[in-house]
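Note: the block below is start.txt and it holds compact mmCIF, C-alpha atoms.
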# COMPACT_ATOMS: atom_id res chain seq x y z
CA MET F 1 29.63 -5.80 0.64
CA ASP F 2 29.89 -2.25 2.13
CA MET F 3 27.92 -1.02 5.14
CA ARG F 4 25.42 0.87 3.04
CA ARG F 5 24.57 -2.16 0.96
CA GLY F 6 24.43 -4.32 4.08
CA GLY F 7 22.08 -1.84 5.72
CA TRP F 8 19.63 -1.92 2.82
CA LEU F 9 19.80 -5.72 2.81
CA LEU F 10 18.96 -5.71 6.54
CA LEU F 11 15.98 -3.44 5.87
CA LEU F 12 14.80 -5.78 3.10
CA VAL F 13 14.97 -8.75 5.46
CA GLY F 14 13.03 -6.77 8.07
CA ALA F 15 10.36 -5.87 5.52
CA LEU F 16 10.01 -9.50 4.43
CA LEU F 17 9.63 -10.61 8.06
CA ALA F 18 6.97 -7.93 8.59
CA PHE F 19 5.08 -9.07 5.48
CA TRP F 20 5.19 -12.66 6.72
CA ALA F 21 3.89 -11.67 10.13
CA LEU F 22 1.05 -9.63 8.61
CA LEU F 23 0.03 -11.83 5.69
CA ALA F 24 1.22 -15.41 6.09
CA GLY F 25 2.00 -16.05 9.72
CA PRO F 26 -0.38 -17.28 12.43
CA GLY F 27 -2.30 -14.71 14.46
CA ILE F 28 -0.53 -15.66 17.71
CA LEU F 29 2.95 -17.17 17.99
CA LEU F 30 4.42 -18.05 21.42
CA GLY F 31 1.88 -15.75 23.03
CA VAL F 32 2.83 -12.79 20.81
CA ASP F 33 0.32 -11.03 18.53
CA LEU F 34 2.09 -11.21 15.15
CA GLY F 35 -0.19 -8.55 13.70
CA LYS F 36 1.08 -5.96 16.17
CA TRP F 37 4.66 -7.18 15.80
CA GLY F 38 4.53 -7.14 12.00
CA THR F 39 2.96 -3.69 11.86
CA ALA F 40 5.53 -2.27 14.29
CA LEU F 41 8.39 -3.81 12.30
CA LEU F 42 7.02 -2.55 8.99
CA VAL F 43 6.58 0.97 10.36
CA THR F 44 10.14 0.84 11.74
CA VAL F 45 11.52 -0.27 8.36
CA ALA F 46 9.60 2.56 6.67
CA TRP F 47 10.94 5.16 9.11
CA VAL F 48 14.54 3.95 8.83
CA SER F 49 14.26 3.87 5.04
CA MET F 50 12.79 7.36 5.11
CA TYR F 51 15.72 8.62 7.20
CA ALA F 52 18.24 6.91 4.91
CA VAL F 53 16.67 8.44 1.79
CA SER F 54 16.55 11.90 3.41
CA ARG F 55 20.30 11.68 4.17
CA MET F 56 21.32 10.71 0.65
CA PRO F 57 22.89 13.38 -1.58
CA MET F 58 20.43 14.83 -4.06
CA GLY F 59 20.58 12.79 -7.25
CA GLU F 60 21.79 9.56 -5.68
CA ALA F 61 18.38 8.46 -4.38
CA GLU F 62 16.48 9.63 -7.45
CA ARG F 63 18.53 7.82 -10.14
CA GLY F 64 16.47 9.46 -12.84
CA LEU F 65 13.11 8.96 -11.10
CA SER F 66 10.83 11.98 -10.92
CA PRO F 67 9.09 12.93 -7.64
CA GLY F 68 5.81 11.67 -9.09
CA GLU F 69 7.28 8.26 -9.86
CA TRP F 70 8.82 7.96 -6.39
CA LYS F 71 5.46 8.72 -4.79
CA ALA F 72 3.72 6.24 -7.10
CA TRP F 73 6.07 3.38 -6.19
CA VAL F 74 5.80 4.14 -2.46
CA GLY F 75 2.00 4.30 -2.74
CA THR F 76 1.92 1.02 -4.66
CA ALA F 77 4.03 -0.74 -2.04
CA PHE F 78 1.95 0.44 0.90
CA MET F 79 -1.40 -0.19 -0.80
CA LEU F 80 -0.24 -3.67 -1.84
CA VAL F 81 0.63 -4.50 1.77
CA ALA F 82 -2.61 -2.97 3.10
CA THR F 83 -4.79 -4.75 0.54
CA GLY F 84 -3.06 -8.08 1.04
CA TYR F 85 -3.33 -7.73 4.82
CA PHE F 86 -7.05 -6.89 4.54
CA LEU F 87 -7.70 -9.98 2.40
CA ALA F 88 -5.63 -12.23 4.64
CA LYS F 89 -7.62 -11.13 7.71
CA SER F 90 -11.03 -10.60 6.06
CA GLN F 91 -12.61 -13.49 7.96
CA VAL F 92 -12.50 -11.49 11.22
CA PHE F 93 -15.17 -9.12 9.90
CA VAL F 94 -17.78 -11.89 9.80
CA ALA F 95 -17.88 -12.19 13.60
CA GLY F 96 -19.62 -8.90 14.22
CA PRO F 97 -19.21 -5.11 14.51
CA ALA F 98 -15.98 -3.56 15.76
CA TRP F 99 -17.22 -2.80 19.30
CA ASP F 100 -17.87 -6.52 19.89
CA ASN F 101 -15.00 -7.79 17.74
CA PRO F 102 -11.47 -7.32 19.16
CA ASP F 103 -9.88 -9.06 16.16
CA ALA F 104 -11.53 -6.61 13.76
CA ARG F 105 -10.38 -3.69 15.92
CA ALA F 106 -6.82 -5.03 15.78
CA VAL F 107 -6.91 -5.27 11.99
CA GLY F 108 -8.31 -1.75 11.74
CA ARG F 109 -5.62 -0.41 14.08
CA ASN F 110 -2.85 -2.01 12.04
CA LEU F 111 -4.26 -0.59 8.81
CA VAL F 112 -4.37 2.88 10.36
CA LEU F 113 -0.73 2.55 11.45
CA LEU F 114 0.23 1.61 7.89
CA LEU F 115 -1.64 4.67 6.60
CA VAL F 116 0.13 6.94 9.08
CA ALA F 117 3.56 5.55 8.14
CA TRP F 118 2.76 6.01 4.45
CA SER F 119 1.58 9.60 4.98
CA VAL F 120 4.71 10.53 6.94
CA LEU F 121 7.02 8.92 4.39
CA THR F 122 5.26 10.72 1.54
CA GLY F 123 5.60 14.02 3.41
CA VAL F 124 9.33 13.52 3.93
CA LEU F 125 9.84 12.65 0.27
CA GLY F 126 7.88 15.78 -0.68
CA ALA F 127 10.08 17.92 1.57
CA ARG F 128 13.17 16.44 -0.10
CA TRP F 129 12.08 17.87 -3.43
CA LYS F 130 10.99 21.24 -2.03
CA GLY F 131 11.95 23.97 -4.47
CA ARG F 132 12.13 21.53 -7.38
CA VAL F 133 9.50 21.25 -10.10
CA GLN F 134 7.44 18.24 -9.00
CA GLU F 135 4.82 18.20 -11.74
CA ASP F 136 4.78 19.00 -15.44
CA GLU F 137 2.59 18.18 -18.43
CA ARG F 138 3.84 14.60 -18.54
CA ASP F 139 3.01 14.07 -14.86
CA ARG F 140 -0.51 15.45 -15.32
CA GLU F 141 -1.15 13.21 -18.33
CA ILE F 142 0.07 10.11 -16.47
CA GLU F 143 -2.07 11.00 -13.44
CA LYS F 144 -5.10 11.46 -15.66
CA GLN F 145 -4.69 8.06 -17.35
CA ALA F 146 -3.91 6.29 -14.06
CA ALA F 147 -7.00 7.83 -12.43
CA GLY F 148 -9.05 6.22 -15.22
CA TRP F 149 -7.56 2.83 -14.39
CA GLY F 150 -8.36 3.37 -10.72
CA ARG F 151 -11.97 4.29 -11.43
CA SER F 152 -12.36 1.28 -13.71
CA ALA F 153 -10.96 -1.05 -11.04
CA LEU F 154 -13.29 0.43 -8.41
CA THR F 155 -16.30 0.14 -10.70
CA PHE F 156 -15.48 -3.47 -11.61
CA CYS F 157 -15.11 -4.40 -7.94
CA LEU F 158 -18.42 -2.75 -6.96
CA ILE F 159 -20.30 -4.37 -9.84
CA GLY F 160 -18.84 -7.77 -8.91
CA LEU F 161 -19.94 -7.28 -5.31
CA ALA F 162 -23.44 -6.21 -6.36
CA VAL F 163 -23.84 -9.20 -8.70
CA MET F 164 -22.60 -11.63 -6.06
CA LEU F 165 -25.04 -10.33 -3.45
CA ALA F 166 -27.97 -10.13 -5.86
CA PHE F 167 -27.69 -13.57 -7.45
CA SER F 168 -26.31 -15.77 -4.65
CA PRO F 169 -28.79 -17.97 -2.74
CA ALA F 170 -29.59 -16.65 0.72
CA ASP F 171 -28.21 -19.76 2.42
CA ARG F 172 -24.79 -18.99 0.94
CA LEU F 173 -24.71 -15.41 2.22
CA ALA F 174 -24.55 -16.10 5.94
CA TRP F 175 -21.14 -14.41 5.95
CA ALA F 176 -22.51 -11.22 4.35
CA THR F 177 -23.27 -9.30 7.55
CA HIS F 178 -23.72 -5.54 7.46
CA PHE F 179 -20.28 -5.11 8.98
CA MET F 180 -18.72 -7.43 6.41
CA ILE F 181 -20.38 -5.63 3.50
CA ALA F 182 -19.21 -2.27 4.85
CA ASN F 183 -15.64 -3.56 4.95
CA LEU F 184 -15.96 -4.98 1.44
CA LEU F 185 -16.85 -1.47 0.27
CA VAL F 186 -13.71 -0.21 1.99
CA PHE F 187 -11.76 -2.95 0.21
CA ALA F 188 -13.21 -1.77 -3.12
CA LEU F 189 -11.79 1.70 -2.46
CA MET F 190 -8.41 0.22 -1.50
CA TRP F 191 -8.40 -1.89 -4.66
CA GLY F 192 -9.14 1.19 -6.79
CA TRP F 193 -6.29 3.13 -5.15
CA LEU F 194 -3.90 0.21 -5.55
CA CYS F 195 -4.65 -0.06 -9.26
CA GLU F 196 -4.27 3.70 -9.70
CA TYR F 197 -0.90 3.82 -7.95
CA ALA F 198 0.33 0.72 -9.79
CA ALA F 199 -0.78 2.14 -13.15
CA THR F 200 0.96 5.43 -12.36
CA ALA F 201 4.22 3.71 -11.43
CA LEU F 202 4.17 1.48 -14.52
CA MET F 203 3.42 4.42 -16.83
CA TYR F 204 6.34 6.38 -15.39
CA TRP F 205 8.59 3.32 -15.78
CA LYS F 206 7.48 2.78 -19.37
CA ASP F 207 7.97 6.46 -20.22
CA ARG F 208 11.44 6.47 -18.64
CA ARG F 209 12.45 3.33 -20.54
CA GLY F 210 11.27 4.94 -23.78
CA THR F 211 13.24 8.11 -23.06
CA GLN F 212 16.44 6.17 -22.29
CA ALA F 213 16.16 4.00 -25.41
As structure tokens, the full file:
Amino acid sequence: MDMRRGGWLLLLVGALLAFWALLAGPGILLGVDLGKWGTALLVTVAWVSMYAVSRMPMGEAERGLSPGEWKAWVGTAFMLVATGYFLAKSQVFVAGPAWDNPDARAVGRNLVLLLVAWSVLTGVLGARWKGRVQEDERDREIEKQAAGWGRSALTFCLIGLAVMLAFSPADRLAWATHFMIANLLVFALMWGWLCEYAATALMYWKDRRGTQA
């Protein structure tokens, strides 16, 4: 195994540890806040990966993937982590609004850090392809279809939330505080974006497979 392959394997292990800390691990381990630790590790992995990709010769990193497909896969990965993290920690939003809820503030802070890391990585990938055609008719058609999937996912989630709140007995909605409902609406947006990015990535993959066949 060469150093380059070993380095990517190390980054993969780091990413898996970060996912465990964010999604599956306990909130506190040996006095350490795993949410902060996992977020910091995930951001570090993203930055190192970004640097490694930026240093690769043009053509080696792409391997036939268009700029739009790269962005779609990166967006899918980050939205999957953010959505999973939100669901895993959703119970903290029941306790009360953010100013009286340190756990909710911590979750919000970690989500913002993920968003910042994603934005920076997307910007670096965009700079890598500066001067190259990044969008054509195929890209626009895929984006149009994927946007439809995203809207459908958002609509389905909002309708499900409305039906649940309208038809559930009041004694079973003690958890549905104003703060919790507000965060569920944010989750609906995240779910719509996740479905849109995933649909975009899969459409690019399917189109590329068809072209290579």
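Of the listed residues F:Cys157, F:Leu202, F:Ala174, F:Leu113, the one whose atoms come nearest to Trp73 (chain F) is F:Leu202, with distances taken using only C-alpha atoms.
Residue neighbourhood of Trp193 (chain F), excluding near-sequence residues (fewer than 4 positions): Gly75, Thr76, Met79, Ala147, Gly150, Arg151, Ala153, Leu154, Ala188, Leu189, Tyr197 and Ala198 of chain F, at 9 Å, using all atoms listed in the file.
CA of Ala104 (chain F) lies 22.2 Å from CA of Leu165 (chain F).
Look at Ser90 (chain F): the protein and nucleic acid residues within 10 Å of it, using all atoms listed in the file and passing over chain neighbours fewer than 3 places away, are Gly84, Tyr85, Phe86, Leu87, Phe93, Val94, Ala104, Val107, Met180, Asn183, Leu184 and Phe187 of chain F.
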For Val112 (chain F), which residue among F:Val92, F:Val45, F:Ile159, F:Ala40 is the nearest when counting only C-alpha atoms? F:Ala40
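Picture a line from CA of Asp103 (chain F) to CA of Ile181 (chain F); it runs 16.8 Å.
We find CA of Ala176 (chain F) and CA of Ala162 (chain F) to be spaced 11.9 Å apart.
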